[in-house]
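Asker: This is the structure I want to talk about, given as structure tokens.
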Amino acid sequence: MSSTESPSVTAASVLPKVASVRVGEGERLRSVGLPGVTLSVRSRRPAREALPPALYVHGLGGSSQNWSTLMRELDGVVASEALDLPGFGDSPPPDDGNYSVTGHARAVIRYLDAAERGPVHLFGNSLGGAVATRVSAVRPDLVRTLTLVSPALPELRVQRTAMPTALLGVPGVAGLFTRLTKEWTAEQRVRGVLGLCYGDPGRVTSEAFQQAVEELERRLQLPYFWDAMARSARGVVNAYTLGGQHGLWRQAERVLAPTLLIYGGRDQLVGYRMARKAARSFPDSRLLSLPEAGHVAMMEYPELVAGAFQELLAEKGEFGGAGESGTVGATRIAKAAAPSAGSDTTAGSDTTAGSDTSAGSDTTAGGDVAATGAGS
């Protein structure tokens with residue numbers, strides 16, 4: 001079954017009354033109607049006039065809330081917006097039921113074209129990283145820089161811990177899993193997700209944990225929740241099998257924008273070893289390795305991610321120096337010259353970052369709360 005088939009639940013019938021989505025201090029949430037899709041967009045009021053625009057794209061099972069902490073870290077650096085992909089967060093399903101990577105990329109492009117904000121500093125995590133890669137390859141005019149946190153790019157040897165996420169895309173598996181786990185509480189599901197997505201789940205505060213539980217309880221009331229999850233997971237698997245000019249690695253080679261690659265040493269969903277291939281594939285890339293981080297470094301180590309991004313801007317002459325976070329000096333961003341194909345050097349040797357940094361003291365768990373534990 002293709003991820004582009006019509007959804008089993010149409011958008012017109014899937015708008016039940018559920019609890020409101022949480023909006024953090026200094027944030028605004030609005031709904032944007034576009035041809036074939038309606039997107040929920042989270043933004044922060046710019047700290048000053050004329051800041052360059054940035055757009056953030058979350059991963060499978062996530063939402064725009066995944067970027068709230070990083071957006072706050074980058075106040076005064078960029079004008080931040082994060083969108084909920086169709087069927088996730090507060091965005092309803094797409095009219096055509098297309099949850100493929102291309103379908104999600106099309107939604108991002110439609111928003112950027114309509115908003116006339118481009119070119120933007122584009123960020124993507126996991127599935128959002130694959131989406132952002134495709135957007136950057138096919139519409140280079142919309143992308144100023146590209147920052148990818150554990151991007152979901154094809155792997156020949158998928159980690160065993162990532163297999164449940166891939167299996168979610170098999171027709172019928174989502175329904176089976178729902179039946180088998182119907183007795184699980186939201187708290188149990190969230191703990192499973194945090195264990196899968198964080199290098200150290202202990203960094204999540206009790207307040208953030210409770211917010212994640214409340215968000216999951218809200219999402220489970222949406223009749224299209226599992227459909228969006230399963231079809232998006234299938235879309236990732238399908239994207240992994242594409243070859244030729246539509247293959248994600250081939251598209252990575254076409255990206256013109258300066259690219260920051262961020263990989264976590266404790267990532268259970270995207271292989272740490274893939275950092276080397278990514279460094280070879282993106283023409284103008286830099287690599288930040290965080291040995292203690294998991295799959296969502298922007299949530300677990302937001303200060304280090306923000307500092308790395310600011311270094312990229314400084315290198316390109318778009319930023320005058322270290323930002324208010326004061327973390328630029330805590331990391332060293334390596335220009336990602338392609339390692340030799342036979343090298344066994346780990347990504348961690350390219351860049352160092354202090355693992356004892358207290359960047360996670362304000363970490364939130366807000367959006368990455370797929371009930372399956374999927375956060376790719």
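Letters for chains follow the order of the structure tokens (A, B, ...), residue numbers begin at 1 for each chain, and ligand numbers begin at 1 in the order shown.
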Please report as JSON lines every residue of stretch 183-252 of chain A lying within 12 Å of stretch 65-69 of chain A, along with the nearest atom pair and their distance in Å (one decimal), using only C-alpha atoms.
Answerer:
{"residue": "A:Cys197", "atom": "CA", "partner": "A:Asn66", "partner_atom": "CA", "distance": 11.8}
{"residue": "A:Ala208", "atom": "CA", "partner": "A:Gln65", "partner_atom": "CA", "distance": 11.2}
{"residue": "A:Gln211", "atom": "CA", "partner": "A:Gln65", "partner_atom": "CA", "distance": 10.6}
{"residue": "A:Ala212", "atom": "CA", "partner": "A:Gln65", "partner_atom": "CA", "distance": 9.8}
{"residue": "A:Glu215", "atom": "CA", "partner": "A:Gln65", "partner_atom": "CA", "distance": 9.9}
Asker: Quick one: residues within 7 Å of A:Asn125, only C-alpha atoms, excluding same-chain residues fewer than 2 positions away - as a list in words?
Answerer: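 Close residues of A:Asn125: Val57, His58, Gly59, Leu127, Gly128, Gly129, Leu148, Val149, Ser150 and Pro151 of chain A.
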Asker: Please identify which residues in stretch 203-308 of chain A DSSP calls helix (DSSP H, G or I) from the backbone, and express them as an MDAnalysis selection string.
Answerer: chainID A and resid 203 206:220 225:241 244:246 248:252 274:281 297:300 302:308
Asker: Choose the residue, out of A:Ala186, A:Ile109, A:Leu290, A:Leu220, that has the smallest atom-to-atom separation from A:Leu85; count only C-alpha atoms.
Answerer: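 Smallest distance to A:Leu85 is found for A:Ile109.
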Asker: Using only C-alpha atoms, can you tell me which of A:Gly33, A:Pro46, A:Gly235, A:Gly195 comes closest to A:Val131?
Answerer: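 Checking each candidate against A:Val131, we get A:Gly235 as the closest.
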Asker: Between A:Ala132, A:Val18, A:Ala314, A:Leu304, which is the closest to A:Ala107 once you count only C-alpha atoms?
Answerer: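 Ranked by minimum distance to A:Ala107, first place goes to A:Ala132.
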Asker: Rank nothing, just name the residue among A:Val135, A:Ala152, A:Val108, A:Ala50 nearest to A:Ala233, using only C-alpha atoms.
Answerer: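 Selected residue with least distance to A:Ala233: A:Ala152.
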Asker: Can you pull out every residue from stretch 49-266 of chain A that DSSP, working from the backbone, puts in strand (DSSP E or B), and format the result as a ChimeraX atom specification?
Answerer: /A:53-57,79-84,120-125,143-149,259-264
Asker: Quick one: residues within 12 Å of A:His246, only C-alpha atoms, excluding same-chain residues fewer than 3 positions away - as an MDAnalysis selection string?
Answerer: chainID A and resid 101:102 130 133:135 137:138 238:243 249:254
Asker: Which one of A:Ala306, A:Val236, A:Leu313, A:Leu260 sits closest to A:Ser289 if you count only C-alpha atoms?
Answerer: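 The answer is A:Leu260, which sits nearest to A:Ser289.
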